[in-house]
>>> print(open('protein.cif').read())   # mmCIF, N, CA and C atoms
data_work
loop_
_atom_site.label_atom_id
_atom_site.label_comp_id
_atom_site.auth_asym_id
_atom_site.auth_seq_id
_atom_site.Cartn_x
_atom_site.Cartn_y
_atom_site.Cartn_z
N MET A 1 -114.67 88.52 -1.82
CA MET A 1 -113.71 88.35 -2.90
C MET A 1 -112.79 89.57 -2.90
N ASP A 2 -111.51 89.35 -2.91
CA ASP A 2 -110.54 90.44 -2.93
C ASP A 2 -110.49 91.04 -4.34
N PRO A 3 -110.86 92.32 -4.52
CA PRO A 3 -110.95 92.89 -5.86
C PRO A 3 -109.62 92.98 -6.58
N GLU A 4 -108.53 92.98 -5.87
CA GLU A 4 -107.24 93.10 -6.53
C GLU A 4 -106.68 91.75 -6.97
N LEU A 5 -107.30 90.68 -6.52
CA LEU A 5 -106.78 89.36 -6.84
C LEU A 5 -107.82 88.46 -7.48
N SER A 6 -108.91 89.04 -7.99
CA SER A 6 -109.96 88.19 -8.54
C SER A 6 -110.00 88.30 -10.05
N CYS A 7 -110.19 87.17 -10.68
CA CYS A 7 -110.30 87.10 -12.13
C CYS A 7 -111.37 86.08 -12.44
N LYS A 8 -112.40 86.49 -13.17
CA LYS A 8 -113.50 85.59 -13.47
C LYS A 8 -113.63 85.43 -14.98
N VAL A 9 -114.20 84.34 -15.40
CA VAL A 9 -114.44 84.12 -16.82
C VAL A 9 -115.90 83.81 -17.02
N GLY A 10 -116.53 84.60 -17.90
CA GLY A 10 -117.85 84.32 -18.43
C GLY A 10 -119.00 84.31 -17.46
N GLY A 11 -120.21 84.17 -18.05
CA GLY A 11 -121.45 84.01 -17.31
C GLY A 11 -121.78 85.14 -16.37
N GLY A 12 -122.91 85.03 -15.72
CA GLY A 12 -123.25 85.96 -14.66
C GLY A 12 -123.97 87.20 -15.13
N SER A 13 -124.23 88.08 -14.17
CA SER A 13 -125.07 89.25 -14.38
C SER A 13 -124.41 90.29 -15.27
N GLY A 14 -124.98 90.52 -16.44
CA GLY A 14 -124.55 91.59 -17.30
C GLY A 14 -123.24 91.35 -18.03
N ASN A 15 -122.56 90.31 -17.73
CA ASN A 15 -121.27 90.03 -18.37
C ASN A 15 -121.53 89.19 -19.60
N ASN A 16 -120.93 89.56 -20.74
CA ASN A 16 -121.07 88.75 -21.94
C ASN A 16 -120.44 87.40 -21.69
N SER A 17 -121.19 86.36 -21.85
CA SER A 17 -120.72 85.02 -21.56
C SER A 17 -119.43 84.70 -22.32
N GLY A 18 -118.47 84.14 -21.61
CA GLY A 18 -117.22 83.75 -22.23
C GLY A 18 -116.14 84.81 -22.21
N LYS A 19 -116.45 86.00 -21.75
CA LYS A 19 -115.46 87.07 -21.70
C LYS A 19 -114.72 87.05 -20.37
N SER A 20 -113.43 87.33 -20.41
CA SER A 20 -112.67 87.44 -19.17
C SER A 20 -112.84 88.84 -18.61
N VAL A 21 -113.04 88.91 -17.31
CA VAL A 21 -113.26 90.20 -16.66
C VAL A 21 -112.43 90.24 -15.40
N TYR A 22 -111.76 91.37 -15.19
CA TYR A 22 -111.02 91.58 -13.96
C TYR A 22 -111.92 92.37 -13.05
N ASN A 23 -112.56 91.70 -12.09
CA ASN A 23 -113.48 92.29 -11.13
C ASN A 23 -114.65 92.99 -11.80
N ASP A 24 -115.59 92.23 -12.33
CA ASP A 24 -116.80 92.74 -12.97
C ASP A 24 -117.54 93.68 -12.03
N GLU A 25 -117.72 94.95 -12.45
CA GLU A 25 -118.33 95.97 -11.59
C GLU A 25 -119.77 95.65 -11.22
N GLU A 26 -120.50 94.98 -12.11
CA GLU A 26 -121.90 94.73 -11.86
C GLU A 26 -122.13 93.60 -10.86
N GLU A 27 -121.14 92.78 -10.63
CA GLU A 27 -121.26 91.66 -9.70
C GLU A 27 -121.18 92.19 -8.27
N ASP A 28 -121.99 91.66 -7.36
CA ASP A 28 -121.92 92.07 -5.98
C ASP A 28 -120.74 91.37 -5.33
N ASP A 29 -119.66 92.10 -5.13
CA ASP A 29 -118.45 91.50 -4.57
C ASP A 29 -118.03 92.18 -3.28
N GLY A 30 -118.99 92.63 -2.52
CA GLY A 30 -118.66 93.24 -1.24
C GLY A 30 -118.35 94.72 -1.34
N GLY A 31 -118.76 95.36 -2.39
CA GLY A 31 -118.58 96.80 -2.48
C GLY A 31 -117.35 97.25 -3.25
N ALA A 32 -116.64 96.34 -3.88
CA ALA A 32 -115.46 96.75 -4.65
C ALA A 32 -115.90 97.58 -5.84
N SER A 33 -115.17 98.62 -6.12
CA SER A 33 -115.50 99.52 -7.20
C SER A 33 -114.58 99.27 -8.38
N GLY A 34 -115.03 99.65 -9.57
CA GLY A 34 -114.20 99.54 -10.76
C GLY A 34 -113.29 100.73 -10.92
N LYS A 35 -113.25 101.61 -9.91
CA LYS A 35 -112.40 102.81 -9.98
C LYS A 35 -111.42 102.82 -8.82
N ASP A 36 -110.25 103.38 -9.09
CA ASP A 36 -109.25 103.53 -8.05
C ASP A 36 -109.74 104.58 -7.06
N TRP A 37 -109.70 104.31 -5.77
CA TRP A 37 -110.27 105.20 -4.77
C TRP A 37 -109.49 106.50 -4.62
N MET A 38 -108.22 106.52 -5.02
CA MET A 38 -107.43 107.75 -4.88
C MET A 38 -107.50 108.63 -6.13
N THR A 39 -107.40 108.03 -7.30
CA THR A 39 -107.34 108.81 -8.53
C THR A 39 -108.67 108.87 -9.26
N ASN A 40 -109.62 108.03 -8.86
CA ASN A 40 -110.93 107.93 -9.49
C ASN A 40 -110.83 107.48 -10.95
N GLU A 41 -109.72 106.84 -11.32
CA GLU A 41 -109.55 106.32 -12.66
C GLU A 41 -110.04 104.87 -12.70
N GLY A 42 -110.57 104.47 -13.84
CA GLY A 42 -111.01 103.09 -14.00
C GLY A 42 -109.82 102.15 -13.98
N THR A 43 -109.92 101.09 -13.20
CA THR A 43 -108.81 100.14 -13.11
C THR A 43 -109.22 98.71 -13.43
N TYR A 44 -110.51 98.43 -13.45
CA TYR A 44 -110.98 97.07 -13.68
C TYR A 44 -111.91 97.07 -14.87
N GLY A 45 -112.00 95.96 -15.54
CA GLY A 45 -112.92 95.86 -16.66
C GLY A 45 -112.60 94.66 -17.51
N PRO A 46 -113.12 94.65 -18.74
CA PRO A 46 -112.90 93.49 -19.61
C PRO A 46 -111.42 93.31 -19.94
N LEU A 47 -111.00 92.08 -20.00
CA LEU A 47 -109.64 91.75 -20.42
C LEU A 47 -109.72 91.40 -21.89
N ASN A 48 -109.34 92.34 -22.74
CA ASN A 48 -109.47 92.17 -24.18
C ASN A 48 -108.30 91.39 -24.75
N GLY A 49 -108.62 90.50 -25.68
CA GLY A 49 -107.58 89.69 -26.31
C GLY A 49 -107.07 88.63 -25.36
N GLY A 50 -105.94 88.07 -25.71
CA GLY A 50 -105.30 87.09 -24.85
C GLY A 50 -106.09 85.81 -24.71
N THR A 51 -105.68 85.01 -23.73
CA THR A 51 -106.33 83.73 -23.48
C THR A 51 -106.38 83.47 -21.98
N SER A 52 -107.37 82.72 -21.55
CA SER A 52 -107.52 82.34 -20.15
C SER A 52 -107.30 80.85 -20.01
N PHE A 53 -106.74 80.46 -18.89
CA PHE A 53 -106.56 79.04 -18.60
C PHE A 53 -106.56 78.85 -17.10
N ARG A 54 -106.77 77.62 -16.69
CA ARG A 54 -106.81 77.29 -15.26
C ARG A 54 -105.48 76.69 -14.80
N VAL A 55 -105.12 77.03 -13.58
CA VAL A 55 -103.99 76.40 -12.90
C VAL A 55 -104.50 75.99 -11.52
N SER A 56 -103.70 75.22 -10.81
CA SER A 56 -104.11 74.83 -9.46
C SER A 56 -104.13 76.07 -8.56
N ILE A 57 -104.91 75.98 -7.50
CA ILE A 57 -105.00 77.09 -6.54
C ILE A 57 -103.62 77.37 -5.94
N GLY A 58 -102.85 76.30 -5.67
CA GLY A 58 -101.51 76.47 -5.12
C GLY A 58 -100.60 77.24 -6.06
N LEU A 59 -100.64 76.91 -7.35
CA LEU A 59 -99.82 77.61 -8.33
C LEU A 59 -100.28 79.06 -8.47
N ALA A 60 -101.59 79.28 -8.45
CA ALA A 60 -102.10 80.66 -8.54
C ALA A 60 -101.55 81.50 -7.38
N ARG A 61 -101.57 80.95 -6.19
CA ARG A 61 -101.04 81.69 -5.03
C ARG A 61 -99.53 81.92 -5.16
N GLU A 62 -98.81 80.93 -5.69
CA GLU A 62 -97.37 81.12 -5.91
C GLU A 62 -97.11 82.22 -6.93
N LEU A 63 -97.92 82.27 -7.98
CA LEU A 63 -97.75 83.29 -9.01
C LEU A 63 -98.00 84.69 -8.48
N LEU A 64 -98.79 84.80 -7.41
CA LEU A 64 -99.08 86.10 -6.82
C LEU A 64 -97.97 86.60 -5.88
N LEU A 65 -97.02 85.74 -5.58
CA LEU A 65 -95.91 86.17 -4.72
C LEU A 65 -95.01 87.14 -5.49
N PRO A 66 -94.49 88.17 -4.80
CA PRO A 66 -93.68 89.19 -5.48
C PRO A 66 -92.44 88.67 -6.19
N GLU A 67 -91.81 87.65 -5.66
CA GLU A 67 -90.57 87.13 -6.26
C GLU A 67 -90.77 85.76 -6.88
N ASN A 68 -91.88 85.56 -7.57
CA ASN A 68 -92.14 84.29 -8.22
C ASN A 68 -91.11 84.05 -9.31
N ALA A 69 -90.52 82.86 -9.34
CA ALA A 69 -89.41 82.56 -10.25
C ALA A 69 -89.80 82.66 -11.72
N VAL A 70 -90.93 82.06 -12.11
CA VAL A 70 -91.29 82.04 -13.53
C VAL A 70 -91.66 83.44 -14.03
N LEU A 71 -92.43 84.19 -13.25
CA LEU A 71 -92.81 85.54 -13.69
C LEU A 71 -91.62 86.49 -13.67
N SER A 72 -90.72 86.33 -12.70
CA SER A 72 -89.51 87.15 -12.67
C SER A 72 -88.64 86.87 -13.89
N ALA A 73 -88.48 85.59 -14.23
CA ALA A 73 -87.67 85.23 -15.39
C ALA A 73 -88.30 85.73 -16.69
N LEU A 74 -89.63 85.62 -16.80
CA LEU A 74 -90.31 86.13 -17.99
C LEU A 74 -90.17 87.64 -18.08
N ASP A 75 -90.27 88.32 -16.96
CA ASP A 75 -90.13 89.78 -16.93
C ASP A 75 -88.72 90.20 -17.36
N LYS A 76 -87.71 89.51 -16.84
CA LYS A 76 -86.32 89.83 -17.17
C LYS A 76 -85.98 89.52 -18.62
N SER A 77 -86.75 88.63 -19.25
CA SER A 77 -86.47 88.25 -20.64
C SER A 77 -86.77 89.39 -21.62
N GLY A 78 -87.58 90.33 -21.21
CA GLY A 78 -87.88 91.47 -22.06
C GLY A 78 -89.01 91.24 -23.05
N ILE A 79 -89.65 90.08 -23.01
CA ILE A 79 -90.77 89.87 -23.93
C ILE A 79 -91.99 90.62 -23.38
N PRO A 80 -92.76 91.25 -24.27
CA PRO A 80 -93.92 92.02 -23.81
C PRO A 80 -95.12 91.10 -23.55
N PHE A 81 -95.73 91.24 -22.38
CA PHE A 81 -96.94 90.49 -22.08
C PHE A 81 -97.68 91.14 -20.93
N GLU A 82 -98.97 90.82 -20.83
CA GLU A 82 -99.81 91.24 -19.72
C GLU A 82 -100.36 89.98 -19.08
N ILE A 83 -100.58 90.04 -17.76
CA ILE A 83 -101.10 88.87 -17.07
C ILE A 83 -102.01 89.31 -15.94
N ALA A 84 -103.08 88.55 -15.72
CA ALA A 84 -103.96 88.72 -14.56
C ALA A 84 -104.12 87.34 -13.94
N ILE A 85 -103.94 87.28 -12.63
CA ILE A 85 -103.98 86.00 -11.92
C ILE A 85 -105.05 86.07 -10.85
N GLY A 86 -105.95 85.12 -10.85
CA GLY A 86 -106.99 85.07 -9.83
C GLY A 86 -106.68 84.02 -8.78
N VAL A 87 -107.07 84.30 -7.55
CA VAL A 87 -106.87 83.32 -6.49
C VAL A 87 -107.73 82.07 -6.71
N ASN A 88 -108.66 82.17 -7.66
CA ASN A 88 -109.51 81.02 -8.00
C ASN A 88 -108.85 80.09 -9.02
N GLY A 89 -107.61 80.40 -9.43
CA GLY A 89 -106.89 79.54 -10.36
C GLY A 89 -107.01 79.96 -11.81
N MET A 90 -107.73 81.03 -12.10
CA MET A 90 -107.84 81.52 -13.47
C MET A 90 -106.67 82.46 -13.76
N VAL A 91 -106.04 82.25 -14.91
CA VAL A 91 -104.93 83.09 -15.35
C VAL A 91 -105.27 83.59 -16.75
N TRP A 92 -105.08 84.88 -16.98
CA TRP A 92 -105.28 85.49 -18.30
C TRP A 92 -103.94 86.04 -18.75
N VAL A 93 -103.56 85.72 -19.98
CA VAL A 93 -102.29 86.18 -20.55
C VAL A 93 -102.56 86.81 -21.90
N ASN A 94 -101.92 87.94 -22.17
CA ASN A 94 -102.03 88.60 -23.46
C ASN A 94 -100.62 89.03 -23.89
N SER A 95 -100.32 88.84 -25.17
CA SER A 95 -99.05 89.28 -25.73
C SER A 95 -99.27 89.59 -27.21
N PRO A 96 -98.30 90.23 -27.85
CA PRO A 96 -98.48 90.61 -29.25
C PRO A 96 -98.54 89.43 -30.22
N ASP A 97 -97.94 88.31 -29.86
CA ASP A 97 -97.89 87.15 -30.76
C ASP A 97 -98.44 85.91 -30.07
N PRO A 98 -99.21 85.09 -30.80
CA PRO A 98 -99.74 83.85 -30.21
C PRO A 98 -98.62 82.92 -29.73
N GLU A 99 -97.50 82.91 -30.44
CA GLU A 99 -96.38 82.04 -30.02
C GLU A 99 -95.87 82.43 -28.63
N ILE A 100 -95.82 83.73 -28.36
CA ILE A 100 -95.36 84.20 -27.04
C ILE A 100 -96.38 83.82 -25.98
N THR A 101 -97.66 83.99 -26.29
CA THR A 101 -98.71 83.63 -25.33
C THR A 101 -98.64 82.15 -24.98
N ILE A 102 -98.46 81.29 -25.97
CA ILE A 102 -98.37 79.85 -25.73
C ILE A 102 -97.12 79.52 -24.92
N MET A 103 -96.02 80.19 -25.22
CA MET A 103 -94.78 79.96 -24.46
C MET A 103 -94.96 80.35 -23.00
N ILE A 104 -95.62 81.48 -22.73
CA ILE A 104 -95.86 81.91 -21.36
C ILE A 104 -96.76 80.91 -20.64
N LEU A 105 -97.82 80.47 -21.31
CA LEU A 105 -98.73 79.47 -20.74
C LEU A 105 -97.96 78.21 -20.37
N ASN A 106 -97.13 77.72 -21.27
CA ASN A 106 -96.34 76.50 -21.01
C ASN A 106 -95.34 76.71 -19.89
N ALA A 107 -94.69 77.87 -19.86
CA ALA A 107 -93.72 78.16 -18.80
C ALA A 107 -94.39 78.16 -17.44
N ILE A 108 -95.57 78.78 -17.35
CA ILE A 108 -96.30 78.84 -16.08
C ILE A 108 -96.70 77.43 -15.64
N LYS A 109 -97.29 76.67 -16.53
CA LYS A 109 -97.74 75.31 -16.16
C LYS A 109 -96.55 74.42 -15.79
N ASN A 110 -95.45 74.50 -16.53
CA ASN A 110 -94.26 73.69 -16.22
C ASN A 110 -93.63 74.08 -14.89
N SER A 111 -93.72 75.35 -14.53
CA SER A 111 -93.06 75.84 -13.31
C SER A 111 -93.61 75.20 -12.05
N GLU A 112 -94.82 74.66 -12.13
CA GLU A 112 -95.44 74.06 -10.95
C GLU A 112 -94.67 72.85 -10.44
N VAL A 113 -93.99 72.14 -11.33
CA VAL A 113 -93.33 70.89 -10.95
C VAL A 113 -91.80 70.98 -11.04
N MET A 114 -91.27 72.21 -11.10
CA MET A 114 -89.82 72.38 -11.26
C MET A 114 -89.25 73.24 -10.13
N PRO A 115 -88.01 72.97 -9.72
CA PRO A 115 -87.36 73.85 -8.75
C PRO A 115 -87.03 75.20 -9.41
N GLU A 116 -86.87 76.24 -8.57
CA GLU A 116 -86.67 77.61 -9.06
C GLU A 116 -85.51 77.74 -10.04
N ASP A 117 -84.36 77.12 -9.74
CA ASP A 117 -83.21 77.26 -10.63
C ASP A 117 -83.47 76.66 -12.00
N LYS A 118 -84.21 75.56 -12.04
CA LYS A 118 -84.57 74.93 -13.32
C LYS A 118 -85.58 75.78 -14.09
N VAL A 119 -86.47 76.47 -13.36
CA VAL A 119 -87.47 77.33 -13.99
C VAL A 119 -86.79 78.44 -14.76
N ARG A 120 -85.80 79.08 -14.15
CA ARG A 120 -85.09 80.18 -14.83
C ARG A 120 -84.42 79.69 -16.11
N GLY A 121 -83.80 78.53 -16.06
CA GLY A 121 -83.17 77.96 -17.25
C GLY A 121 -84.19 77.61 -18.32
N MET A 122 -85.30 77.03 -17.89
CA MET A 122 -86.36 76.67 -18.84
C MET A 122 -86.88 77.91 -19.55
N VAL A 123 -87.13 78.99 -18.81
CA VAL A 123 -87.65 80.22 -19.41
C VAL A 123 -86.66 80.79 -20.41
N LYS A 124 -85.37 80.78 -20.07
CA LYS A 124 -84.35 81.29 -21.01
C LYS A 124 -84.37 80.52 -22.33
N VAL A 125 -84.45 79.20 -22.24
CA VAL A 125 -84.47 78.37 -23.44
C VAL A 125 -85.75 78.61 -24.24
N MET A 126 -86.88 78.67 -23.56
CA MET A 126 -88.15 78.88 -24.25
C MET A 126 -88.19 80.24 -24.94
N VAL A 127 -87.72 81.28 -24.27
CA VAL A 127 -87.70 82.62 -24.85
C VAL A 127 -86.77 82.66 -26.06
N LYS A 128 -85.62 82.04 -25.93
CA LYS A 128 -84.66 81.99 -27.05
C LYS A 128 -85.30 81.31 -28.26
N ASN A 129 -85.97 80.19 -28.04
CA ASN A 129 -86.61 79.45 -29.13
C ASN A 129 -87.75 80.24 -29.78
N VAL A 130 -88.55 80.93 -28.97
CA VAL A 130 -89.65 81.71 -29.52
C VAL A 130 -89.12 82.90 -30.31
N LYS A 131 -88.09 83.57 -29.79
CA LYS A 131 -87.52 84.71 -30.52
C LYS A 131 -86.95 84.24 -31.85
N LYS A 132 -86.29 83.07 -31.85
CA LYS A 132 -85.73 82.52 -33.09
C LYS A 132 -86.86 82.21 -34.08
N GLU A 133 -87.92 81.61 -33.57
CA GLU A 133 -89.08 81.26 -34.42
C GLU A 133 -89.71 82.52 -35.03
N LEU A 134 -89.83 83.56 -34.23
CA LEU A 134 -90.43 84.80 -34.72
C LEU A 134 -89.52 85.51 -35.73
N MET A 135 -88.22 85.36 -35.58
CA MET A 135 -87.27 85.97 -36.52
C MET A 135 -87.31 85.25 -37.87
N ASP A 136 -87.58 83.95 -37.86
CA ASP A 136 -87.62 83.16 -39.10
C ASP A 136 -88.86 83.45 -39.93
N GLU A 137 -89.89 84.01 -39.32
CA GLU A 137 -91.14 84.27 -40.06
C GLU A 137 -91.04 85.44 -40.99
#
>>> encode(input="protein.cif", output="structure tokens")
Amino acid sequence: MDPELSCKVGGGSGNNSGKSVYNDEEEDDGGASGKDWMTNEGTYGPLNGGTSFRVSIGLARELLLPENAVLSALDKSGIPFEIAIGVNGMVWVNSPDPEITIMILNAIKNSEVMPEDKVRGMVKVMVKNVKKELMDE
């Protein structure tokens, strides 16, 4: 299992069932460490907050590409969020507001069946609507 691209949810040795973990240190994954080998700082551990959901393996691999259309558009929108993507199809998203998290989840799932130019337009509209909704509260 590639430690930089693995995301697991729940169960297993020492992990609290149902918790999202980015490369659980206690799991035997071929020697991957929970610390960065150069700085010795912790880089992996529990993913606190947010939500996890499944996508197809193909979409997960697309999301891992450096110039992925949906993630690039979300990044350029300026909305704050964190994301972890596993090659096993698990995606974890965290943001300050549940509305933003749901919008990101929907944008990612919709992007699987849309061409890149349509994805950028969809993300702009979704971000505009969420920002408007949050301003009205």
>>> closest_residue(input="protein.cif", among="A:Asp75, A:Ile83, A:Gly89, A:Gly49", to="Arg61 (chain A)", atoms="all atoms listed in the file")
A:Gly89
>>> residues_around(input="protein.cif", residues="region 54-58 of chain A", least_positions_apart="6", cutoff="8 Å", atoms="only C-alpha atoms", output="NGL selection string")
:A and (87-91 or 109)
>>> write_last_selection(input="protein.cif", atoms="N, CA and C atoms", output="PDB file, keeping the file's coordinate frame")
ATOM      1  N   VAL A  87    -107.070  84.300  -7.550  1.00  0.00           N
ATOM      2  CA  VAL A  87    -106.870  83.320  -6.490  1.00  0.00           C
ATOM      3  C   VAL A  87    -107.730  82.070  -6.710  1.00  0.00           C
ATOM      4  N   ASN A  88    -108.660  82.170  -7.660  1.00  0.00           N
ATOM      5  CA  ASN A  88    -109.510  81.020  -8.000  1.00  0.00           C
ATOM      6  C   ASN A  88    -108.850  80.090  -9.020  1.00  0.00           C
ATOM      7  N   GLY A  89    -107.610  80.400  -9.430  1.00  0.00           N
ATOM      8  CA  GLY A  89    -106.890  79.540 -10.360  1.00  0.00           C
ATOM      9  C   GLY A  89    -107.010  79.960 -11.810  1.00  0.00           C
ATOM     10  N   MET A  90    -107.730  81.030 -12.100  1.00  0.00           N
ATOM     11  CA  MET A  90    -107.840  81.520 -13.470  1.00  0.00           C
ATOM     12  C   MET A  90    -106.670  82.460 -13.760  1.00  0.00           C
ATOM     13  N   VAL A  91    -106.040  82.250 -14.910  1.00  0.00           N
ATOM     14  CA  VAL A  91    -104.930  83.090 -15.350  1.00  0.00           C
ATOM     15  C   VAL A  91    -105.270  83.590 -16.750  1.00  0.00           C
ATOM     16  N   LYS A 109     -97.290  76.670 -16.530  1.00  0.00           N
ATOM     17  CA  LYS A 109     -97.740  75.310 -16.160  1.00  0.00           C
ATOM     18  C   LYS A 109     -96.550  74.420 -15.790  1.00  0.00           C
TER      19      LYS A 109
END
>>> atom_distance(input="protein.cif", atom1="CA of Gly86 (chain A)", atom2="CA of Thr51 (chain A)")
13.7 Å
>>> atom_distance(input="protein.cif", atom1="atom C of Leu59 (chain A)", atom2="atom C of Ser111 (chain A)")
8.5 Å
>>> resolve_selection(input="protein.cif", expression="the PyMOL selection byres ((chain A and resi 94) around 8)", output="PDB file with N, CA and C atoms, keeping the file's coordinate frame")
ATOM      1  N   ASN A  48    -109.340  92.340 -22.740  1.00  0.00           N
ATOM      2  CA  ASN A  48    -109.470  92.170 -24.180  1.00  0.00           C
ATOM      3  C   ASN A  48    -108.300  91.390 -24.750  1.00  0.00           C
ATOM      4  N   GLY A  49    -108.620  90.500 -25.680  1.00  0.00           N
ATOM      5  CA  GLY A  49    -107.580  89.690 -26.310  1.00  0.00           C
ATOM      6  C   GLY A  49    -107.070  88.630 -25.360  1.00  0.00           C
ATOM      7  N   GLY A  50    -105.940  88.070 -25.710  1.00  0.00           N
ATOM      8  CA  GLY A  50    -105.300  87.090 -24.850  1.00  0.00           C
ATOM      9  C   GLY A  50    -106.090  85.810 -24.710  1.00  0.00           C
ATOM     10  N   THR A  51    -105.680  85.010 -23.730  1.00  0.00           N
ATOM     11  CA  THR A  51    -106.330  83.730 -23.480  1.00  0.00           C
ATOM     12  C   THR A  51    -106.380  83.470 -21.980  1.00  0.00           C
ATOM     13  N   SER A  52    -107.370  82.720 -21.550  1.00  0.00           N
ATOM     14  CA  SER A  52    -107.520  82.340 -20.150  1.00  0.00           C
ATOM     15  C   SER A  52    -107.300  80.850 -20.010  1.00  0.00           C
ATOM     16  N   PRO A  80     -92.760  91.250 -24.270  1.00  0.00           N
ATOM     17  CA  PRO A  80     -93.920  92.020 -23.810  1.00  0.00           C
ATOM     18  C   PRO A  80     -95.120  91.100 -23.550  1.00  0.00           C
ATOM     19  N   PHE A  81     -95.730  91.240 -22.380  1.00  0.00           N
ATOM     20  CA  PHE A  81     -96.940  90.490 -22.080  1.00  0.00           C
ATOM     21  C   PHE A  81     -97.680  91.140 -20.930  1.00  0.00           C
ATOM     22  N   GLU A  82     -98.970  90.820 -20.830  1.00  0.00           N
ATOM     23  CA  GLU A  82     -99.810  91.240 -19.720  1.00  0.00           C
ATOM     24  C   GLU A  82    -100.360  89.980 -19.080  1.00  0.00           C
ATOM     25  N   ILE A  83    -100.580  90.040 -17.760  1.00  0.00           N
ATOM     26  CA  ILE A  83    -101.100  88.870 -17.070  1.00  0.00           C
ATOM     27  C   ILE A  83    -102.010  89.310 -15.940  1.00  0.00           C
ATOM     28  N   ALA A  84    -103.080  88.550 -15.720  1.00  0.00           N
ATOM     29  CA  ALA A  84    -103.960  88.720 -14.560  1.00  0.00           C
ATOM     30  C   ALA A  84    -104.120  87.340 -13.940  1.00  0.00           C
ATOM     31  N   VAL A  91    -106.040  82.250 -14.910  1.00  0.00           N
ATOM     32  CA  VAL A  91    -104.930  83.090 -15.350  1.00  0.00           C
ATOM     33  C   VAL A  91    -105.270  83.590 -16.750  1.00  0.00           C
ATOM     34  N   TRP A  92    -105.080  84.880 -16.980  1.00  0.00           N
ATOM     35  CA  TRP A  92    -105.280  85.490 -18.300  1.00  0.00           C
ATOM     36  C   TRP A  92    -103.940  86.040 -18.750  1.00  0.00           C
ATOM     37  N   VAL A  93    -103.560  85.720 -19.980  1.00  0.00           N
ATOM     38  CA  VAL A  93    -102.290  86.180 -20.550  1.00  0.00           C
ATOM     39  C   VAL A  93    -102.560  86.810 -21.900  1.00  0.00           C
ATOM     40  N   SER A  95    -100.320  88.840 -25.170  1.00  0.00           N
ATOM     41  CA  SER A  95     -99.050  89.280 -25.730  1.00  0.00           C
ATOM     42  C   SER A  95     -99.270  89.590 -27.210  1.00  0.00           C
ATOM     43  N   PRO A  96     -98.300  90.230 -27.850  1.00  0.00           N
ATOM     44  CA  PRO A  96     -98.480  90.610 -29.250  1.00  0.00           C
ATOM     45  C   PRO A  96     -98.540  89.430 -30.220  1.00  0.00           C
ATOM     46  N   ASP A  97     -97.940  88.310 -29.860  1.00  0.00           N
ATOM     47  CA  ASP A  97     -97.890  87.150 -30.760  1.00  0.00           C
ATOM     48  C   ASP A  97     -98.440  85.910 -30.070  1.00  0.00           C
ATOM     49  N   ILE A 100     -95.820  83.730 -28.360  1.00  0.00           N
ATOM     50  CA  ILE A 100     -95.360  84.200 -27.040  1.00  0.00           C
ATOM     51  C   ILE A 100     -96.380  83.820 -25.980  1.00  0.00           C
ATOM     52  N   THR A 101     -97.660  83.990 -26.290  1.00  0.00           N
ATOM     53  CA  THR A 101     -98.710  83.630 -25.330  1.00  0.00           C
ATOM     54  C   THR A 101     -98.640  82.150 -24.980  1.00  0.00           C
TER      55      THR A 101
END
>>> residues_around(input="protein.cif", residues="Lys118 (chain A)", least_positions_apart="6", cutoff="12 Å", atoms="only C-alpha atoms", output="ChimeraX atom specification")
/A:69-70,73,107,110-112,124-125
>>> closest_residue(input="protein.cif", among="A:Leu134, A:Leu63, A:Met114, A:Met122", to="Glu99 (chain A)", atoms="only N, CA and C atoms")
A:Leu134
>>> atom_distance(input="protein.cif", atom1="CA of Val123 (chain A)", atom2="CA of Ile108 (chain A)")
9.4 Å
>>> residues_around(input="protein.cif", residues="Val127 (chain A)", least_positions_apart="6", cutoff="8 Å", atoms="only N, CA and C atoms", output="VMD selection string")
chain A and resid 77 79 103 121 133
>>> write_last_selection(input="protein.cif", atoms="N, CA and C atoms", output="mmCIF file, in the frame of the given file")
data_model
loop_
_atom_site.group_PDB
_atom_site.id
_atom_site.type_symbol
_atom_site.label_atom_id
_atom_site.label_comp_id
_atom_site.auth_asym_id
_atom_site.auth_seq_id
_atom_site.Cartn_x
_atom_site.Cartn_y
_atom_site.Cartn_z
ATOM 1 N N SER A 77 -86.750 88.630 -19.250
ATOM 2 C CA SER A 77 -86.470 88.250 -20.640
ATOM 3 C C SER A 77 -86.770 89.390 -21.620
ATOM 4 N N ILE A 79 -89.650 90.080 -23.010
ATOM 5 C CA ILE A 79 -90.770 89.870 -23.930
ATOM 6 C C ILE A 79 -91.990 90.620 -23.380
ATOM 7 N N MET A 103 -96.020 80.190 -25.220
ATOM 8 C CA MET A 103 -94.780 79.960 -24.460
ATOM 9 C C MET A 103 -94.960 80.350 -23.000
ATOM 10 N N GLY A 121 -83.800 78.530 -16.060
ATOM 11 C CA GLY A 121 -83.170 77.960 -17.250
ATOM 12 C C GLY A 121 -84.190 77.610 -18.320
ATOM 13 N N GLU A 133 -87.920 81.610 -33.570
ATOM 14 C CA GLU A 133 -89.080 81.260 -34.420
ATOM 15 C C GLU A 133 -89.710 82.520 -35.030
#
>>> select_by_dssp(input="protein.cif", residues="region 58-87 of chain A", states="strand (DSSP E)", output="NGL selection string")
:A and (82-85)
>>> select_by_dssp(input="protein.cif", residues="region 27-132 of chain A", states="helix (DSSP H, G or I)", output="PyMOL selection string")
chain A and resi 57-63+69-77+98-111+116-132
>>> closest_residue(input="protein.cif", among="A:Leu47, A:Glu62, A:Asp136, A:Arg120", to="Lys76 (chain A)", atoms="only C-alpha atoms")
A:Arg120
